[in-house]
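Next comes protein.txt, a file with compact mmCIF, C-alpha atoms.
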# COMPACT_ATOMS: atom_id res chain seq x y z
CA MET A 1 -14.91 -28.52 29.50
CA LEU A 2 -11.58 -28.67 31.36
CA PHE A 3 -12.22 -32.29 32.37
CA ALA A 4 -13.02 -33.21 28.75
CA ILE A 5 -9.75 -31.68 27.52
CA LEU A 6 -7.76 -33.45 30.26
CA GLY A 7 -9.48 -36.71 29.36
CA VAL A 8 -8.46 -36.39 25.71
CA LEU A 9 -4.87 -35.60 26.70
CA CYS A 10 -4.76 -38.62 29.02
CA LEU A 11 -6.08 -40.92 26.30
CA ALA A 12 -3.48 -39.60 23.88
CA ALA A 13 -0.74 -40.22 26.42
CA VAL A 14 -1.91 -43.79 27.02
CA ALA A 15 -2.06 -44.48 23.27
CA ARG A 16 1.58 -43.55 22.75
CA GLY A 17 4.04 -46.38 23.33
CA GLN A 18 1.49 -49.19 23.45
CA CYS A 19 2.37 -52.56 21.94
CA GLY A 20 0.02 -52.78 18.95
CA GLY A 21 -3.64 -52.06 18.39
CA ASN A 22 -6.31 -51.24 15.83
CA LEU A 23 -5.81 -47.58 14.84
CA VAL A 24 -9.34 -46.39 14.07
CA ASP A 25 -8.84 -42.62 14.50
CA PRO A 26 -8.49 -40.68 11.22
CA GLN A 27 -4.93 -39.69 12.13
CA GLY A 28 -2.38 -40.17 14.88
CA ASP A 29 1.19 -40.62 16.05
CA VAL A 30 2.48 -44.02 17.16
CA SER A 31 5.73 -44.97 18.89
CA SER A 32 7.37 -48.18 20.01
CA PRO A 33 6.97 -49.17 23.69
CA ASN A 34 8.97 -46.93 26.06
CA TYR A 35 10.04 -44.58 23.22
CA PRO A 36 12.35 -42.62 23.20
CA GLU A 37 13.93 -44.86 25.85
CA ASP A 38 15.02 -48.37 24.87
CA TYR A 39 12.25 -50.85 24.07
CA GLY A 40 12.09 -54.12 25.98
CA PRO A 41 12.94 -57.72 25.04
CA ASN A 42 10.64 -60.35 23.50
CA LEU A 43 8.08 -57.90 22.11
CA ASP A 44 5.50 -58.98 19.55
CA CYS A 45 3.41 -55.94 18.57
CA LYS A 46 1.09 -55.37 15.64
CA TRP A 47 -0.62 -52.11 14.66
CA THR A 48 -3.37 -52.23 12.02
CA ILE A 49 -4.60 -49.16 10.13
CA PRO A 50 -7.84 -50.06 8.29
CA ALA A 51 -8.42 -48.40 4.92
CA ARG A 52 -12.22 -48.83 5.10
CA GLY A 53 -12.60 -48.11 1.41
CA GLY A 54 -10.36 -45.02 1.55
CA SER A 55 -6.63 -44.37 1.65
CA VAL A 56 -3.93 -44.80 4.31
CA THR A 57 -0.67 -42.84 4.51
CA VAL A 58 2.12 -43.84 6.92
CA THR A 59 5.34 -41.86 7.45
CA PHE A 60 8.16 -42.76 9.84
CA GLN A 61 9.81 -39.82 11.62
CA ASP A 62 12.38 -41.73 13.68
CA PHE A 63 13.81 -45.24 13.42
CA VAL A 64 16.60 -46.81 15.51
CA ILE A 65 16.41 -50.60 15.92
CA GLN A 66 19.11 -53.11 16.94
CA GLU A 67 21.66 -53.44 14.14
CA PRO A 68 21.45 -56.65 12.06
CA ASP A 69 23.92 -59.51 12.21
CA THR A 70 26.09 -59.48 9.08
CA PHE A 71 28.23 -62.15 7.42
CA LEU A 72 29.92 -61.38 4.11
CA PHE A 73 27.13 -60.01 1.89
CA PHE A 74 24.26 -61.30 4.05
CA SER A 75 22.50 -59.68 6.99
CA SER A 76 19.78 -60.84 9.36
CA CYS A 77 17.57 -58.64 11.55
CA LYS A 78 17.24 -59.80 15.16
CA ASP A 79 14.84 -57.00 16.14
CA TYR A 80 12.75 -55.74 13.24
CA VAL A 81 9.75 -53.84 11.93
CA GLU A 82 7.79 -55.64 9.22
CA ILE A 83 5.28 -53.80 7.03
CA GLN A 84 2.39 -55.55 5.33
CA ILE A 85 0.00 -53.90 2.86
CA GLY A 86 -3.09 -56.02 2.38
CA ASP A 87 -1.70 -59.51 1.77
CA SER A 88 1.75 -58.40 0.61
CA ASP A 89 4.93 -58.23 2.69
CA GLU A 90 6.64 -54.94 1.90
CA GLY A 91 9.84 -55.70 3.80
CA ARG A 92 11.60 -55.98 7.14
CA TYR A 93 13.62 -53.11 8.58
CA CYS A 94 16.21 -52.85 11.33
CA GLY A 95 19.20 -50.72 12.27
CA THR A 96 18.62 -47.17 11.04
CA GLU A 97 17.11 -48.17 7.67
CA MET A 98 14.06 -45.89 7.72
CA PRO A 99 11.02 -47.38 5.90
CA ASP A 100 9.73 -45.33 2.97
CA SER A 101 6.47 -43.41 3.25
CA ILE A 102 3.40 -45.46 2.26
CA THR A 103 0.15 -44.42 0.62
CA THR A 104 -2.26 -47.23 -0.19
CA TYR A 105 -5.95 -48.09 -0.48
CA GLN A 106 -5.48 -51.32 1.50
CA ASP A 107 -5.15 -52.05 5.22
CA VAL A 108 -1.65 -51.46 6.59
CA HIS A 109 -0.14 -53.73 9.26
CA ILE A 110 3.03 -52.73 11.11
CA ILE A 111 4.64 -55.57 13.08
CA PHE A 112 7.41 -55.08 15.64
CA LYS A 113 9.32 -58.05 17.06
CA THR A 114 12.36 -58.12 19.34
CA ASP A 115 14.63 -60.83 20.71
CA ASP A 116 15.90 -61.16 24.29
CA THR A 117 19.18 -59.25 23.87
CA VAL A 118 20.06 -55.65 22.93
CA GLY A 119 17.40 -52.93 22.70
CA ALA A 120 17.41 -49.45 21.13
CA SER A 121 15.33 -46.27 21.19
CA GLY A 122 12.81 -47.64 18.67
CA PHE A 123 10.65 -45.72 16.25
CA GLN A 124 7.85 -43.23 15.73
CA PHE A 125 5.45 -42.94 12.82
CA SER A 126 2.42 -40.88 11.92
CA TYR A 127 -0.60 -42.01 9.92
CA THR A 128 -3.57 -40.39 8.24
CA THR A 129 -6.65 -41.92 6.64
CA GLN A 130 -9.11 -40.47 4.18
CA ARG A 131 -12.52 -42.07 3.91
CA PRO A 132 -14.87 -41.79 0.90
CA LEU A 133 -18.25 -40.28 1.72
CA GLY A 134 -21.48 -42.21 1.26
CA THR A 135 -20.22 -44.92 -1.10
CA GLY A 136 -21.18 -47.97 0.99
CA CYS A 137 -18.12 -49.58 -0.60
CA GLY A 138 -16.20 -51.46 2.08
CA THR A 139 -15.49 -50.85 5.76
CA HIS A 140 -14.30 -52.48 8.95
CA LEU A 141 -17.24 -54.38 10.46
CA ASP A 142 -16.87 -53.81 14.18
CA ASP A 143 -20.39 -54.77 15.30
CA SER A 144 -21.09 -58.26 16.63
CA TYR A 145 -23.50 -58.94 13.77
CA GLY A 146 -24.93 -57.30 10.68
CA VAL A 147 -26.06 -57.56 7.08
CA VAL A 148 -23.88 -56.19 4.28
CA THR A 149 -24.80 -55.48 0.66
CA SER A 150 -22.90 -54.50 -2.45
CA PRO A 151 -23.30 -50.83 -3.49
CA ASN A 152 -26.84 -50.02 -4.73
CA PHE A 153 -28.18 -53.53 -3.91
CA PRO A 154 -30.70 -54.78 -5.03
CA ALA A 155 -30.18 -52.41 -7.97
CA ASP A 156 -27.10 -52.94 -10.16
CA TYR A 157 -23.70 -52.27 -8.64
CA PRO A 158 -21.43 -49.70 -10.39
CA ASN A 159 -18.54 -50.27 -12.77
CA ASN A 160 -14.94 -49.97 -11.55
CA ALA A 161 -15.78 -50.72 -7.91
CA ASP A 162 -12.99 -51.75 -5.54
CA CYS A 163 -14.40 -52.51 -2.09
CA THR A 164 -13.13 -54.50 0.90
CA TRP A 165 -15.10 -55.41 4.01
CA THR A 166 -13.01 -56.62 6.96
CA ILE A 167 -14.22 -58.58 10.00
CA PRO A 168 -11.48 -58.68 12.67
CA SER A 169 -10.18 -61.99 14.03
CA ASN A 170 -12.01 -63.32 17.07
CA VAL A 171 -11.00 -66.23 19.31
CA TYR A 172 -14.66 -67.12 19.89
CA GLY A 173 -15.42 -67.51 16.18
CA THR A 174 -17.01 -65.68 13.27
CA THR A 175 -19.49 -66.90 10.66
CA VAL A 176 -20.26 -65.35 7.27
CA THR A 177 -23.19 -66.51 5.13
CA PHE A 178 -24.12 -65.16 1.69
CA ILE A 179 -27.87 -64.77 1.17
CA ASP A 180 -27.98 -63.36 -2.39
CA PHE A 181 -25.31 -63.47 -5.06
CA LEU A 182 -25.45 -62.46 -8.73
CA LEU A 183 -22.44 -60.96 -10.53
CA GLU A 184 -21.36 -60.74 -14.14
CA ASP A 185 -20.62 -64.28 -15.34
CA GLY A 186 -17.09 -65.34 -16.25
CA GLY A 187 -18.31 -66.65 -19.62
CA PHE A 188 -16.26 -69.31 -21.37
CA PHE A 189 -13.09 -68.41 -19.47
CA SER A 190 -11.88 -70.18 -16.35
CA GLY A 191 -12.00 -68.18 -13.16
CA CYS A 192 -13.64 -64.77 -12.89
CA PRO A 193 -11.87 -62.29 -15.21
CA TYR A 194 -14.51 -59.51 -15.00
CA ASP A 195 -16.45 -58.84 -11.80
CA TYR A 196 -15.74 -60.98 -8.74
CA VAL A 197 -15.79 -61.43 -4.98
CA GLU A 198 -12.62 -62.83 -3.39
CA ILE A 199 -12.69 -64.03 0.21
CA PHE A 200 -9.65 -64.17 2.51
CA GLU A 201 -9.39 -66.10 5.76
CA GLY A 202 -6.44 -64.55 7.52
CA ARG A 203 -3.90 -64.05 4.74
CA ASP A 204 -5.11 -67.02 2.67
CA SER A 205 -7.53 -66.66 -0.25
CA ILE A 206 -10.25 -69.30 0.05
CA GLY A 207 -11.83 -68.58 -3.34
CA THR A 208 -12.91 -66.18 -6.06
CA TYR A 209 -16.60 -66.11 -7.04
CA CYS A 210 -18.70 -64.62 -9.85
CA GLY A 211 -21.90 -65.28 -11.78
CA ALA A 212 -24.39 -67.12 -9.58
CA ASP A 213 -21.63 -69.17 -7.89
CA ILE A 214 -22.58 -68.31 -4.30
CA PRO A 215 -19.66 -68.52 -1.84
CA PRO A 216 -19.77 -71.21 0.86
CA ARG A 217 -20.55 -70.45 4.50
CA ILE A 218 -17.42 -69.43 6.42
CA ALA A 219 -16.73 -70.30 10.07
CA THR A 220 -13.34 -69.21 11.42
CA THR A 221 -11.47 -67.52 14.26
CA LYS A 222 -9.26 -65.60 11.80
CA GLU A 223 -9.78 -62.20 10.20
CA VAL A 224 -12.18 -62.34 7.23
CA ARG A 225 -11.85 -59.96 4.27
CA ILE A 226 -14.35 -59.84 1.45
CA LYS A 227 -13.00 -58.04 -1.61
CA PHE A 228 -15.32 -56.92 -4.42
CA GLU A 229 -13.94 -55.70 -7.76
CA THR A 230 -15.75 -54.85 -10.99
CA ASP A 231 -14.53 -53.95 -14.47
CA GLY A 232 -15.78 -51.17 -16.75
CA ASN A 233 -18.53 -53.08 -18.57
CA THR A 234 -21.46 -55.33 -17.64
CA VAL A 235 -23.03 -55.02 -14.17
CA ASP A 236 -25.59 -57.04 -12.20
CA GLN A 237 -27.58 -57.08 -8.96
CA GLY A 238 -24.70 -57.87 -6.61
CA PHE A 239 -24.82 -59.64 -3.27
CA LYS A 240 -25.91 -59.66 0.35
CA PHE A 241 -24.25 -61.47 3.24
CA LYS A 242 -24.76 -61.66 6.98
CA TYR A 243 -22.07 -62.07 9.61
CA LEU A 244 -22.01 -63.04 13.27
CA VAL A 245 -19.09 -62.46 15.62
CA VAL A 246 -19.43 -64.65 18.71
CA VAL A 247 -18.84 -62.76 21.97
CA PRO A 248 -18.51 -64.09 25.53
CA PRO A 249 -21.90 -64.34 27.32
CA SER A 250 -20.87 -61.67 29.82
CA THR A 251 -20.40 -59.07 27.06
CA ALA A 252 -23.14 -60.13 24.64
CA LYS A 253 -25.70 -57.47 23.73
CA PRO A 254 -28.74 -59.34 22.37
CA ASN A 255 -30.73 -56.14 21.83
CA GLN A 256 -27.98 -54.38 19.88
CA THR A 257 -29.23 -52.93 16.60
CA THR A 258 -27.24 -52.72 13.41
CA LYS A 259 -26.88 -49.91 10.90
CA PRO A 260 -29.74 -48.64 8.75
CA GLU A 261 -30.90 -50.55 5.66
CA GLY A 262 -29.17 -49.60 2.44
CA SER A 263 -25.92 -48.32 3.96
CA GLY A 264 -23.80 -51.06 2.40
CA GLU A 265 -22.21 -51.51 5.83
CA GLY A 266 -25.00 -53.09 7.85
CA SER A 267 -28.76 -53.10 8.06
CA GLY A 268 -31.67 -53.48 10.40
CA ASP A 269 -32.67 -56.92 9.05
CA SER A 270 -33.60 -59.60 11.56
CA LEU A 271 -30.82 -62.17 11.64
CA ILE A 272 -31.14 -65.94 11.97
CA PHE A 273 -27.82 -67.83 11.96
Could you render the structure as structure tokens?
Amino acid sequence: MLFAILGVLCLAAVARGQCGGNLVDPQGDVSSPNYPEDYGPNLDCKWTIPARGGSVTVTFQDFVIQEPDTFLFFSSCKDYVEIQIGDSDEGRYCGTEMPDSITTYQDVHIIFKTDDTVGASGFQFSYTTQRPLGTGCGTHLDDSYGVVTSPNFPADYPNNADCTWTIPSNVYGTTVTFIDFLLEDGGFFSGCPYDYVEIFEGRDSIGTYCGADIPPRIATTKEVRIKFETDGNTVDQGFKFKYLVVVPPSTAKPNQTTKPEGSGEGSGDSLIF
């Protein structure tokens, strides 16, 4: 028991002050490298807090970054923290301009970059996440492969759904292939004004799909996000897609099983890519 407690404390100590990472615990405290001592030069750190279909709250407790260069009414941050919510840039911060608290249902990315000159004590923030129970509506897909379905598939999906599945970036490549696809049709209007799937490769949208317009196969090294939104009216069967994240041969696990059928996050289907 004592060893287990010491192990947890050691892990917590290692987590503090690291330069970026995927924050998968339901809550935690994060600080800039070397905090509360001065951070180093030429840092490029990125922390990601995945929403996984729930909410994310981020609150900064301390914030001291190198002061910006100013000229007349203009200023430019040399060291800065940049906050991104989903695909949107929420702003850059430096000096002692503390970022506001954030609560969102999208992934939060906190980027910290420094130049090669003056440092400062840095920052500390806390985060909490709240996950919905048993909805099968969006998640981070951390397995090397799996099959994902819309909620209730092959029965009709619900109204007013807002789901996002995220596959992290991978230098070895990721493929996504839709097997089934049937959403409410867009009718006589252009685009998909009612129910739709939108696919992002990195921060770029590669298309919005509805009706029986099945999305193309995706092959990329960037992060893939598949967003599913429905309105309050007509519903349909939904969709199923499979994904494969290529791993180096030394770490591949060919006998790895995926999550149970019907979870909306993965299934036990046999996969052929």
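Applying the 7 Å criterion to (-19.5, -64.7, -10.6) in file coordinates and using all atoms listed in the file, one obtains the residues Leu182, Leu183, Glu184, Asp185, Gly186, Cys192, Asp195, Tyr196, Tyr209, Cys210, Gly211, Ala212 and Asp213 of chain A.
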For those residues, write C-alpha atoms to a file as a short mmCIF file (atom, residue, chain, number, x, y, z; two decimals), keeping the file's coordinate frame.
data_model
loop_
_atom_site.label_atom_id
_atom_site.label_comp_id
_atom_site.auth_asym_id
_atom_site.auth_seq_id
_atom_site.Cartn_x
_atom_site.Cartn_y
_atom_site.Cartn_z
CA LEU A 182 -25.45 -62.46 -8.73
CA LEU A 183 -22.44 -60.96 -10.53
CA GLU A 184 -21.36 -60.74 -14.14
CA ASP A 185 -20.62 -64.28 -15.34
CA GLY A 186 -17.09 -65.34 -16.25
CA CYS A 192 -13.64 -64.77 -12.89
CA ASP A 195 -16.45 -58.84 -11.80
CA TYR A 196 -15.74 -60.98 -8.74
CA TYR A 209 -16.60 -66.11 -7.04
CA CYS A 210 -18.70 -64.62 -9.85
CA GLY A 211 -21.90 -65.28 -11.78
CA ALA A 212 -24.39 -67.12 -9.58
CA ASP A 213 -21.63 -69.17 -7.89
#
Quiz item: Need the neighbours of (18.0, -58.8, 16.1): which residues are at most 8 Å away, counting all atoms listed in the file, as number ranges by chain?
Solution: A: 66-69, 76-80, 94, 114-115, 117-118
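Counting all atoms listed in the file, region 81-89 of chain A has the following residues at most 7 Å away, ignoring those fewer than 3 positions along the same chain: Arg92, Tyr93, Cys94, Gln106, Asp107, Val108, His109, Ile110, Ile111, Phe112, Lys113 and Arg203 of chain A.
For the pair CA of Cys19 (chain A) and CA of Cys45 (chain A), the separation is 4.9 Å.
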Could you list, with a cut-off of 10 Å and counting all atoms listed in the file, the residues of region 80-162 of chain A near region 224-244 of chain A, each shown with its nearest atom pair and the distance in Å rounded to one decimal, rows sorted by chain and ascending number, as a Markdown table?
| residue | atom | partner | partner_atom | distance |
| --- | --- | --- | --- | --- |
| A:Gly86 | CA | A:Arg225 | CA | 9.8 |
| A:Cys137 | CA | A:Phe228 | CA | 8.7 |
| A:Gly138 | CA | A:Lys227 | CA | 8.2 |
| A:Thr139 | CA | A:Arg225 | CA | 9.9 |
| A:His140 | CA | A:Arg225 | CA | 9.2 |
| A:Leu141 | CA | A:Tyr243 | CA | 9.1 |
| A:Asp143 | CA | A:Leu244 | CA | 8.7 |
| A:Ser144 | CA | A:Leu244 | CA | 5.9 |
| A:Tyr145 | CA | A:Leu244 | CA | 4.4 |
| A:Gly146 | CA | A:Tyr243 | CA | 5.7 |
| A:Val147 | CA | A:Lys242 | CA | 4.3 |
| A:Val148 | CA | A:Phe241 | CA | 5.4 |
| A:Thr149 | CA | A:Lys240 | CA | 4.3 |
| A:Ser150 | CA | A:Phe239 | CA | 5.5 |
| A:Pro151 | CA | A:Gly238 | CA | 7.8 |
| A:Asn152 | CA | A:Gln237 | CA | 8.3 |
| A:Phe153 | CA | A:Gly238 | CA | 6.2 |
| A:Pro154 | CA | A:Gln237 | CA | 5.5 |
| A:Ala155 | CA | A:Gln237 | CA | 5.4 |
| A:Asp156 | CA | A:Gln237 | CA | 4.3 |
| A:Tyr157 | CA | A:Gly238 | CA | 6.0 |
| A:Pro158 | CA | A:Val235 | CA | 6.7 |
| A:Asn159 | CA | A:Gly232 | CA | 4.9 |
| A:Asn160 | CA | A:Asp231 | CA | 5.0 |
| A:Ala161 | CA | A:Thr230 | CA | 5.2 |
| A:Asp162 | CA | A:Glu229 | CA | 4.6 |
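Considering all atoms listed in the file, the residue among A:Leu72, A:Ile102, A:Ala120, A:Val58 positioned nearest to Pro36 (chain A) is A:Ala120.
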Practice problem: For CA of Thr59 (chain A) and CA of Leu43 (chain A), determine how far apart the two atoms are, in Å to one decimal place. | Solution: 21.9 Å
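One distance worth recording is that between CA of Gln61 (chain A) and CA of Phe74 (chain A), which is 27.0 Å.
Nearest to Thr221 (chain A) of all the residues A:Asn170, A:Phe181, A:Asn42, A:Phe188 is A:Asn170, based on all atoms listed in the file.
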Could you work out an axis-aligned bounding box for all listed atoms of region 83-102 of chain A, with 5 Å added on each of the six sides, and give its centre and edge lengths in Å to one decimal, as AutoDock Vina command-line options?
--center_x 8.1 --center_y -51.5 --center_z 6.4 --size_x 32.3 --size_y 26.1 --size_z 21.7
Practice problem: Could you give me, as a ChimeraX atom specification, the residues within 10 Å of Val247 (chain A), counting only C-alpha atoms and dropping anything in the same chain fewer than 6 positions from it? | Solution: /A:144,170-174,253
Can you complete the atoms of region 144-155 of chain A to all heavy atoms and list them as a CSV table (one decimal), in the coordinates of the input?
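So rebuild.csv came out as:
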chain,number,residue,atom,x,y,z
A,144,SER,N,-21.1,-56.8,16.4
A,144,SER,CA,-21.1,-58.3,16.6
A,144,SER,C,-21.9,-59.0,15.6
A,144,SER,O,-21.7,-60.2,15.4
A,144,SER,CB,-21.6,-58.6,18.0
A,144,SER,OG,-22.9,-58.1,18.2
A,145,TYR,N,-22.8,-58.3,14.9
A,145,TYR,CA,-23.5,-58.9,13.8
A,145,TYR,C,-24.1,-57.9,12.9
A,145,TYR,O,-24.2,-56.7,13.2
A,145,TYR,CB,-24.6,-59.9,14.2
A,145,TYR,CG,-25.7,-59.3,15.1
A,145,TYR,CD1,-26.7,-58.5,14.6
A,145,TYR,CD2,-25.6,-59.4,16.5
A,145,TYR,CE1,-27.7,-58.0,15.4
A,145,TYR,CE2,-26.6,-58.9,17.3
A,145,TYR,CZ,-27.6,-58.1,16.8
A,145,TYR,OH,-28.6,-57.6,17.6
A,146,GLY,N,-24.4,-58.3,11.6
A,146,GLY,CA,-24.9,-57.3,10.7
A,146,GLY,C,-25.2,-57.9,9.3
A,146,GLY,O,-24.9,-59.1,9.1
A,147,VAL,N,-25.8,-57.2,8.5
A,147,VAL,CA,-26.1,-57.6,7.1
A,147,VAL,C,-25.4,-56.5,6.2
A,147,VAL,O,-25.5,-55.3,6.4
A,147,VAL,CB,-27.6,-57.6,6.8
A,147,VAL,CG1,-27.8,-57.9,5.3
A,147,VAL,CG2,-28.2,-58.7,7.6
A,148,VAL,N,-24.7,-57.0,5.2
A,148,VAL,CA,-23.9,-56.2,4.3
A,148,VAL,C,-24.3,-56.4,2.8
A,148,VAL,O,-24.6,-57.6,2.5
A,148,VAL,CB,-22.4,-56.5,4.4
A,148,VAL,CG1,-21.6,-55.7,3.4
A,148,VAL,CG2,-21.9,-56.2,5.8
A,149,THR,N,-24.4,-55.4,2.1
A,149,THR,CA,-24.8,-55.5,0.7
A,149,THR,C,-23.8,-54.8,-0.2
A,149,THR,O,-23.1,-53.9,0.2
A,149,THR,CB,-26.2,-54.8,0.4
A,149,THR,OG1,-26.1,-53.4,0.7
A,149,THR,CG2,-27.3,-55.5,1.2
A,150,SER,N,-23.7,-55.2,-1.5
A,150,SER,CA,-22.9,-54.5,-2.4
A,150,SER,C,-23.5,-53.1,-2.7
A,150,SER,O,-24.7,-52.9,-2.5
A,150,SER,CB,-22.8,-55.3,-3.7
A,150,SER,OG,-24.1,-55.7,-4.2
A,151,PRO,N,-22.8,-52.2,-3.2
A,151,PRO,CA,-23.3,-50.8,-3.5
A,151,PRO,C,-24.5,-50.9,-4.4
A,151,PRO,O,-24.6,-51.6,-5.4
A,151,PRO,CB,-22.1,-50.1,-4.2
A,151,PRO,CG,-20.9,-50.8,-3.7
A,151,PRO,CD,-21.3,-52.2,-3.5
A,152,ASN,N,-25.6,-50.2,-4.0
A,152,ASN,CA,-26.8,-50.0,-4.7
A,152,ASN,C,-27.8,-51.2,-4.6
A,152,ASN,O,-28.9,-51.2,-5.2
A,152,ASN,CB,-26.6,-49.7,-6.2
A,152,ASN,CG,-25.8,-48.4,-6.4
A,152,ASN,OD1,-25.9,-47.5,-5.6
A,152,ASN,ND2,-25.1,-48.4,-7.5
A,153,PHE,N,-27.3,-52.3,-4.0
A,153,PHE,CA,-28.2,-53.5,-3.9
A,153,PHE,C,-29.6,-53.2,-3.4
A,153,PHE,O,-29.7,-52.4,-2.5
A,153,PHE,CB,-27.5,-54.5,-3.0
A,153,PHE,CG,-28.2,-55.8,-2.9
A,153,PHE,CD1,-28.0,-56.9,-3.8
A,153,PHE,CD2,-29.2,-56.0,-1.9
A,153,PHE,CE1,-28.6,-58.1,-3.7
A,153,PHE,CE2,-29.9,-57.2,-1.8
A,153,PHE,CZ,-29.6,-58.3,-2.7
A,154,PRO,N,-30.7,-53.7,-4.0
A,154,PRO,CA,-30.7,-54.8,-5.0
A,154,PRO,C,-30.6,-54.2,-6.5
A,154,PRO,O,-30.8,-55.0,-7.4
A,154,PRO,CB,-32.0,-55.5,-4.8
A,154,PRO,CG,-32.9,-54.4,-4.3
A,154,PRO,CD,-32.0,-53.5,-3.4
A,155,ALA,N,-30.4,-52.9,-6.6
A,155,ALA,CA,-30.2,-52.4,-8.0
A,155,ALA,C,-28.8,-52.8,-8.4
A,155,ALA,O,-28.0,-53.3,-7.6
A,155,ALA,CB,-30.4,-50.9,-8.0
